[in-house]
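> What follows is input-v1.cif; its format and atoms are mmCIF, C-alpha atoms and all ligand atoms.
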```cif
data_coords
#
loop_
_atom_site.label_atom_id
_atom_site.label_comp_id
_atom_site.auth_asym_id
_atom_site.auth_seq_id
_atom_site.Cartn_x
_atom_site.Cartn_y
_atom_site.Cartn_z
CA MET H 108 16.57 -84.37 54.17
CA SER H 109 15.72 -80.75 53.38
CA GLU H 110 14.36 -79.84 49.99
CA ALA H 111 16.93 -79.59 47.19
CA LEU H 112 17.81 -76.13 45.94
CA LEU H 113 17.11 -77.19 42.38
CA SER H 114 15.21 -80.27 41.49
CA VAL H 115 14.69 -81.58 37.98
CA SER H 116 12.41 -84.49 37.29
CA ASP H 117 11.59 -86.25 34.06
CA LEU H 118 12.81 -83.33 32.01
CA SER H 119 12.42 -83.94 28.28
CA ILE H 120 13.33 -81.42 25.61
CA GLY H 121 12.43 -81.46 21.95
CA ILE H 122 13.53 -79.04 19.28
CA ASP H 123 11.44 -78.76 16.14
CA GLY H 124 9.83 -82.07 16.98
CA LYS H 125 13.13 -83.88 17.48
CA SER H 126 13.84 -85.40 20.88
CA ILE H 127 17.00 -83.85 22.34
CA VAL H 128 16.82 -84.73 26.05
CA SER H 129 14.76 -87.60 27.53
CA GLU H 130 13.44 -87.95 31.05
CA VAL H 131 16.39 -86.45 32.85
CA SER H 132 16.14 -86.23 36.66
CA PHE H 133 18.65 -84.81 39.11
CA SER H 134 18.81 -82.44 42.01
CA ILE H 135 21.31 -79.97 43.35
CA GLN H 136 21.61 -79.51 47.09
CA ARG H 137 22.85 -76.42 48.83
CA GLN H 138 26.66 -76.21 48.75
CA GLN H 139 26.88 -79.14 46.36
CA THR H 140 28.84 -79.20 43.12
CA LEU H 141 27.14 -81.55 40.71
CA GLY H 142 29.09 -82.57 37.63
CA VAL H 143 27.68 -83.38 34.20
CA VAL H 144 29.82 -85.30 31.77
CA GLY H 145 29.08 -86.55 28.29
CA GLU H 146 30.33 -86.29 24.74
CA SER H 147 29.51 -83.40 22.46
CA GLY H 148 25.86 -83.47 21.40
CA SER H 149 24.70 -85.53 24.38
CA GLY H 150 22.34 -82.77 25.57
CA LYS H 151 24.33 -81.16 28.39
CA SER H 152 23.93 -77.58 27.21
CA MET H 153 20.25 -77.95 26.33
CA THR H 154 19.59 -79.38 29.80
CA SER H 155 21.31 -76.41 31.43
CA LEU H 156 19.65 -73.85 29.18
CA ALA H 157 16.26 -75.27 30.15
CA LEU H 158 17.07 -74.39 33.76
CA ILE H 159 17.36 -70.70 32.92
CA GLY H 160 14.64 -70.57 30.29
CA LEU H 161 16.97 -69.94 27.36
CA LEU H 162 16.28 -72.83 25.03
CA PRO H 163 16.25 -72.08 21.31
CA ARG H 164 13.01 -71.11 19.60
CA GLY H 165 10.94 -74.13 18.66
CA SER H 166 11.84 -76.04 21.83
CA THR H 167 9.32 -77.89 23.93
CA VAL H 168 9.85 -78.82 27.55
CA THR H 169 8.02 -81.42 29.60
CA GLY H 170 8.66 -82.47 33.17
CA SER H 171 9.40 -80.40 36.21
CA ILE H 172 12.14 -77.96 37.21
CA ARG H 173 11.74 -76.69 40.75
CA PHE H 174 13.98 -73.95 42.04
CA LYS H 175 13.60 -73.25 45.78
CA GLY H 176 10.22 -74.91 45.62
CA GLU H 177 9.02 -72.81 42.68
CA GLU H 178 8.09 -74.53 39.41
CA ILE H 179 10.08 -72.90 36.60
CA ALA H 180 9.71 -75.33 33.68
CA ASN H 181 7.99 -73.35 30.93
CA ALA H 182 7.83 -70.30 33.19
CA PRO H 183 7.11 -67.00 31.45
CA GLN H 184 10.19 -64.92 30.58
CA LYS H 185 9.06 -62.28 33.07
CA GLN H 186 9.41 -64.82 35.90
CA MET H 187 12.70 -66.15 34.51
CA ARG H 188 14.20 -62.66 34.40
CA THR H 189 13.90 -62.44 38.18
CA ILE H 190 15.84 -65.69 38.52
CA ARG H 191 18.31 -65.74 35.65
CA GLY H 192 21.57 -63.97 36.44
CA LYS H 193 20.44 -63.06 39.91
CA ARG H 194 19.58 -66.44 41.50
CA ILE H 195 20.91 -68.82 38.84
CA ALA H 196 23.97 -67.52 37.01
CA MET H 197 25.74 -69.08 34.08
CA ILE H 198 29.19 -69.05 32.50
CA PHE H 199 30.01 -70.49 29.10
CA GLN H 200 32.91 -71.90 27.14
CA GLU H 201 33.63 -68.71 25.19
CA PRO H 202 33.93 -65.70 27.49
CA MET H 203 34.34 -63.38 24.52
CA SER H 204 30.87 -64.23 23.28
CA SER H 205 29.43 -62.88 26.54
CA LEU H 206 31.74 -59.89 26.98
CA ASN H 207 31.14 -56.69 25.07
CA PRO H 208 34.35 -55.89 23.15
CA VAL H 209 33.80 -52.12 23.14
CA LEU H 210 33.29 -51.69 26.90
CA THR H 211 35.93 -51.94 29.61
CA VAL H 212 35.87 -54.82 32.05
CA GLY H 213 35.00 -52.49 34.91
CA HIS H 214 32.18 -50.82 33.01
CA GLN H 215 30.59 -54.21 32.21
CA LEU H 216 30.77 -55.35 35.82
CA GLU H 217 29.19 -52.13 37.05
CA GLU H 218 26.43 -52.33 34.44
CA THR H 219 25.64 -55.89 35.49
CA LEU H 220 25.31 -54.86 39.11
CA LEU H 221 23.24 -51.79 38.35
CA THR H 222 20.83 -53.85 36.23
CA HIS H 223 20.02 -56.14 39.12
CA GLU H 224 20.49 -54.08 42.26
CA GLN H 225 19.56 -50.65 43.54
CA LEU H 226 23.01 -49.20 44.11
CA SER H 227 24.87 -45.94 43.79
CA LYS H 228 27.44 -45.78 40.99
CA LYS H 229 30.13 -45.45 43.63
CA SER H 230 29.22 -48.63 45.48
CA ALA H 231 28.77 -50.50 42.18
CA ARG H 232 32.35 -49.54 41.37
CA ALA H 233 33.63 -50.58 44.79
CA GLN H 234 31.85 -53.94 44.58
CA SER H 235 33.08 -54.52 41.04
CA ILE H 236 36.68 -53.89 42.03
CA ASP H 237 36.28 -56.32 44.93
CA ALA H 238 34.78 -58.85 42.51
CA ILE H 239 37.75 -58.83 40.14
CA LYS H 240 40.19 -59.07 43.04
CA ALA H 241 38.26 -62.10 44.32
CA VAL H 242 38.97 -63.93 41.06
CA GLY H 243 42.67 -63.10 41.20
CA ILE H 244 42.79 -60.13 38.83
CA GLU H 245 44.72 -57.01 39.79
CA ALA H 246 42.69 -53.83 40.15
CA GLU H 247 44.84 -52.28 37.38
CA LYS H 248 42.97 -54.43 34.87
CA TYR H 249 39.71 -52.74 35.80
CA GLY H 250 39.94 -50.25 32.94
CA ALA H 251 41.14 -52.83 30.37
CA TYR H 252 39.11 -53.94 27.35
CA PRO H 253 38.31 -57.66 27.04
CA HIS H 254 40.75 -58.18 24.13
CA GLU H 255 43.55 -56.88 26.33
CA CYS H 256 42.99 -59.83 28.68
CA SER H 257 44.16 -63.43 28.18
CA GLY H 258 41.60 -66.22 27.72
CA GLY H 259 42.05 -67.30 31.33
CA MET H 260 41.60 -63.75 32.54
CA GLN H 261 38.47 -63.32 30.41
CA GLN H 262 36.99 -66.42 32.00
CA ARG H 263 37.87 -65.07 35.47
CA ILE H 264 36.03 -61.88 34.55
CA MET H 265 32.99 -63.94 33.52
CA ILE H 266 33.12 -65.73 36.87
CA ALA H 267 33.34 -62.39 38.68
CA MET H 268 30.37 -61.13 36.67
CA ALA H 269 28.35 -64.27 37.32
CA LEU H 270 28.95 -64.04 41.06
CA LEU H 271 28.29 -60.30 41.38
CA CYS H 272 24.69 -60.69 42.48
CA SER H 273 25.45 -63.58 44.85
CA PRO H 274 23.43 -66.23 43.00
CA ASP H 275 22.42 -69.47 44.71
CA VAL H 276 23.59 -71.62 41.83
CA LEU H 277 26.27 -71.23 39.20
CA ILE H 278 25.93 -73.20 35.99
CA ALA H 279 29.35 -73.57 34.39
CA ASP H 280 28.98 -75.02 30.90
CA GLU H 281 32.40 -76.18 29.63
CA PRO H 282 34.03 -73.19 31.36
CA THR H 283 37.58 -74.37 30.68
CA THR H 284 37.26 -76.16 27.35
CA ALA H 285 38.75 -73.24 25.40
CA LEU H 286 41.73 -72.95 27.77
CA ASP H 287 45.11 -74.66 27.95
CA ALA H 288 45.58 -77.37 30.60
CA THR H 289 47.36 -75.20 33.18
CA THR H 290 44.91 -72.32 32.93
CA SER H 291 42.04 -74.79 32.99
CA LYS H 292 43.25 -76.25 36.28
CA SER H 293 43.64 -72.83 37.83
CA ILE H 294 40.10 -71.86 36.81
CA ILE H 295 38.65 -75.10 38.19
CA LYS H 296 40.56 -74.55 41.41
CA LEU H 297 39.26 -70.98 41.61
CA LEU H 298 35.67 -72.15 41.09
CA GLY H 299 36.10 -74.76 43.83
CA THR H 300 37.44 -72.16 46.26
CA LEU H 301 34.73 -69.62 45.47
CA MET H 302 31.91 -72.16 45.85
CA LYS H 303 33.27 -73.25 49.22
CA GLU H 304 33.88 -69.73 50.50
CA ARG H 305 30.41 -68.57 49.51
CA GLY H 306 28.52 -71.76 50.35
CA MET H 307 27.23 -71.88 46.77
CA SER H 308 26.02 -74.70 44.58
CA MET H 309 27.29 -75.39 41.09
CA LEU H 310 26.34 -77.44 38.06
CA PHE H 311 29.71 -78.07 36.41
CA ILE H 312 29.47 -79.34 32.85
CA SER H 313 32.29 -80.77 30.77
CA HIS H 314 32.95 -83.37 28.09
CA ASP H 315 36.14 -84.10 30.05
CA ILE H 316 35.60 -86.50 32.93
CA ASN H 317 38.91 -85.51 34.54
CA SER H 318 37.84 -81.88 34.81
CA VAL H 319 34.55 -82.92 36.37
CA ALA H 320 36.32 -85.32 38.74
CA MET H 321 38.48 -82.49 40.06
CA ILE H 322 35.56 -80.51 41.37
CA ALA H 323 32.26 -82.41 41.53
CA ASP H 324 30.95 -84.03 44.70
CA ASP H 325 28.54 -86.08 42.60
CA LEU H 326 28.07 -86.40 38.88
CA PHE H 327 25.87 -87.79 36.20
CA VAL H 328 26.81 -89.04 32.78
CA MET H 329 24.74 -88.12 29.73
CA TRP H 330 24.65 -90.03 26.51
CA ASN H 331 22.28 -89.45 23.66
CA GLY H 332 20.02 -87.16 25.67
CA LYS H 333 19.70 -89.52 28.62
CA ILE H 334 21.37 -89.98 31.99
CA VAL H 335 23.11 -93.33 31.83
CA GLU H 336 24.85 -93.19 35.19
CA SER H 337 24.89 -91.04 38.29
CA GLY H 338 26.33 -91.10 41.76
CA GLU H 339 29.06 -89.90 44.03
CA THR H 340 32.08 -88.88 41.93
CA GLN H 341 34.50 -91.26 43.60
CA ARG H 342 32.10 -94.20 43.26
CA VAL H 343 31.45 -93.53 39.58
CA LEU H 344 35.16 -93.23 38.83
CA THR H 345 36.21 -96.34 40.72
CA THR H 346 33.26 -98.60 39.92
CA PRO H 347 31.45 -97.30 36.86
CA SER H 348 28.41 -99.37 36.03
CA HIS H 349 27.53 -98.24 32.52
CA LYS H 350 29.68 -99.24 29.57
CA TYR H 351 29.71 -95.68 28.27
CA THR H 352 31.22 -94.42 31.55
CA LYS H 353 33.74 -97.26 31.44
CA GLY H 354 34.65 -96.11 27.95
CA LEU H 355 35.11 -92.52 29.06
CA LEU H 356 37.36 -93.69 31.87
CA ALA H 357 39.32 -96.09 29.70
CA CYS H 358 40.64 -93.21 27.62
CA LYS H 359 41.96 -91.43 30.68
CA PRO H 360 45.43 -92.65 31.66
CA ALA H 361 45.41 -90.41 34.77
CA LEU H 362 42.75 -92.59 36.31
CA ASP H 363 44.95 -95.62 36.68
CA LYS H 364 43.20 -98.77 37.83
CA LYS H 365 45.78 -99.23 40.55
CA LEU H 366 44.82 -95.95 42.13
CA ARG H 367 43.49 -96.86 45.57
CA ARG H 368 42.30 -93.44 46.44
CA LEU H 369 41.40 -90.59 44.14
CA PRO H 370 43.61 -87.55 44.43
CA THR H 371 42.03 -84.61 46.18
CA LEU H 372 41.41 -81.40 44.29
CA GLU H 373 44.58 -79.91 45.76
CA GLU H 374 46.74 -82.93 44.93
CA SER H 375 45.51 -83.32 41.40
CA MET H 376 46.29 -79.70 40.74
CA GLY H 377 49.76 -79.91 42.25
CA ALA H 378 48.97 -77.26 44.87
N1 LIG V 1 19.65 -74.47 18.18
C1 LIG V 1 19.46 -75.78 17.98
N2 LIG V 1 18.48 -76.23 17.17
C2 LIG V 1 18.26 -77.55 16.97
N3 LIG V 1 18.99 -78.52 17.55
C3 LIG V 1 19.99 -78.15 18.36
C4 LIG V 1 20.28 -76.77 18.62
N4 LIG V 1 21.32 -76.71 19.46
C5 LIG V 1 21.67 -77.99 19.72
N5 LIG V 1 20.88 -78.86 19.06
C6 LIG V 1 20.95 -80.32 19.11
O1 LIG V 1 20.69 -80.73 20.44
C7 LIG V 1 21.51 -81.85 20.78
C8 LIG V 1 22.16 -81.62 22.10
O2 LIG V 1 23.00 -80.51 22.01
P1 LIG V 1 23.76 -79.88 23.24
O3 LIG V 1 22.89 -79.85 24.42
O4 LIG V 1 24.34 -78.59 22.77
O5 LIG V 1 24.92 -80.95 23.49
P2 LIG V 1 26.22 -80.85 24.41
O6 LIG V 1 26.16 -79.58 25.18
O7 LIG V 1 26.18 -82.06 25.25
O8 LIG V 1 27.38 -80.88 23.46
C9 LIG V 1 22.48 -82.05 19.62
O9 LIG V 1 22.04 -83.16 18.90
C10 LIG V 1 22.36 -80.81 18.82
O10 LIG V 1 22.49 -81.08 17.46
MG MG V 2 27.48 -77.98 25.24
#
```
Translate this file's structure into structure tokens.
Ligand SMILES: Nc1ncnc2c1ncn2[C@@H]1O[C@H](COP(=O)(O)OP(=O)(O)O)[C@@H](O)[C@H]1O
Ligand SMILES: [Mg+2]


Amino acid sequence: MSEALLSVSDLSIGIDGKSIVSEVSFSIQRQQTLGVVGESGSGKSMTSLALIGLLPRGSTVTGSIRFKGEEIANAPQKQMRTIRGKRIAMIFQEPMSSLNPVLTVGHQLEETLLTHEQLSKKSARAQSIDAIKAVGIEAEKYGAYPHECSGGMQQRIMIAMALLCSPDVLIADEPTTALDATTSKSIIKLLGTLMKERGMSMLFISHDINSVAMIADDLFVMWNGKIVESGETQRVLTTPSHKYTKGLLACKPALDKKLRRLPTLEESMGA
């Protein structure tokens, strides 16, 4: 098997001397969507922030994080700046916290591109317009301000921005948690389509196992800073081995025991 795109082994994170994440190991292959599920406070976000070198001050990291063969655990910020955003991009739960309220959507996309790539203003504009169209937003919204866009649209803009520089991996940390169920499904479906079209890899994080099940090829379950279960999504859902996973599944009526076969992404989203 070829080397994983991103490979994490025995990652432990402490903040101000308190253990937050313990000996977490996983790897992301090319074109794979890996899901992370676990209740609030289980260490999902801290694990993902470690991958892009954005842990809070006072954090300590041990273990290894290899990205395309390069060790990036505890890498200097200078090295991380060449990776973050450009090779490993991230979207978060609250798009408004990442969007600048006083700049138009189009302006922010162009700025993002111009920060990372040597481009003329004209081609930055052309690429930015293509990017919003690719996430299902009409070109007319290009000159809109973030507050003039719905929550779902704001998250689509974040996805467009994250994908502008054609990263290898997208980390999506609770990208649909702030959205209503219908919008959430459409965003998950969009992410699935984009990853497939572009041959990208994704780390998809959610406290909601159903959201993860819709999109992840494989997943791992975090509890109290540790991975308590991991495997192929379908296997974990049908035959969970850890009692915590069983508990997560027990509160989900959609995952009826009688279900012989899990619905595909398309079916579960009624497409
Ligand atoms: N800035 C911070 N300083 C200290 N502890 C933090 C900070 N942010 C999160 N934590 C702690 O780290 C643990 C894991 O948090 P987090 O990774 O955000 O969980 P999740 O994303 O799974 O909800 C929690 O116990 C939380 O209290
Ligand atoms: Mg989180």

> Between CA of Arg194 (chain H) and CA of Val276 (chain H), what distance in Å does the model show, to one decimal?

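Distance between the two atoms: 6.6 Å.
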
> If we count all atoms listed in the file and set the cut-off at 12 Å, which residues sit around Ala279 (chain H), ignoring sequence neighbours fewer than 5 positions away in its own chain? Please answer as an MDAnalysis selection string.

chainID H and resid 140:143 151:152 155:156 195:202 262 265:266 269:270 284 294:295 298:299 302 308:313 318:319 322:323

> So which residues are near ligand LIG 1 (chain V), meaning at most 10 Å away with only C-alpha atoms and all ligand atoms counted, given back as a count of residues only?

38

> In Å, rounded to a single decimal, give me how far CA of Glu304 (chain H) is from CA of Tyr252 (chain H).

28.5 Å

> What does the distance from CA of Gly170 (chain H) to CA of Pro274 (chain H) come to in Å, to one decimal?

24.1 Å

> Distance cut-off 9 Å, centre (11.9, -78.1, 30.7) in file coordinates, counting all atoms listed in the file: which residues qualify? Return them as a list of chain:residue names.

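Within 9 Å of (11.9, -78.1, 30.7), the protein and nucleic acid residues are H:Val115, H:Asp117, H:Leu118, H:Ser119, H:Ile120, H:Thr154, H:Leu156, H:Ala157, H:Leu158, H:Gly160, H:Leu162, H:Thr167, H:Val168, H:Thr169, H:Gly170, H:Ser171, H:Ile172, H:Ile179, H:Ala180, H:Asn181.
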
> Between H:Ala182, H:Val242, H:Met307, H:Ile278, which one has atoms that come closest to ligand MG 2 (chain V), using all atoms listed in the file?

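Of all the options, H:Ile278 lies closest to ligand MG 2 (chain V).
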
> Could you give me, as a ChimeraX atom specification, the residues within 12 Å of Leu271 (chain H), counting all atoms listed in the file and dropping anything in the same chain fewer than 3 positions from it?

/H:192-197,215-224,231-239,241-242,264-268,274-275,277,305

> So, with all atoms listed in the file as the atoms that count, which of H:Leu206, H:Pro282, H:Ser230, H:Ser291 lies closest to Pro253 (chain H)?

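Selected residue with least distance to Pro253 (chain H): H:Leu206.
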
> Which residue gives the smallest distance to ligand MG 2 (chain V) among H:Asp315, H:Lys240, H:Leu113, H:Ala288, with all atoms listed in the file counted?

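Using all atoms listed in the file, the shortest distance to ligand MG 2 (chain V) belongs to H:Asp315.
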
> Which of these residues is nearest to Leu355 (chain H), using all atoms listed in the file: H:Ile316, H:His214, H:Ser132, H:Thr290?

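The answer is H:Ile316, which sits nearest to Leu355 (chain H).
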
> Please put the answer as AutoDock Vina command-line options: centre and edge lengths, in Å with one decimal, of a box along x, y and z that encloses all listed atoms of region 310-321 of chain H plus 5 Å on each side.


```
--center_x 32.6 --center_y -82.0 --center_z 34.1 --size_x 22.6 --size_y 19.1 --size_z 22.0
```
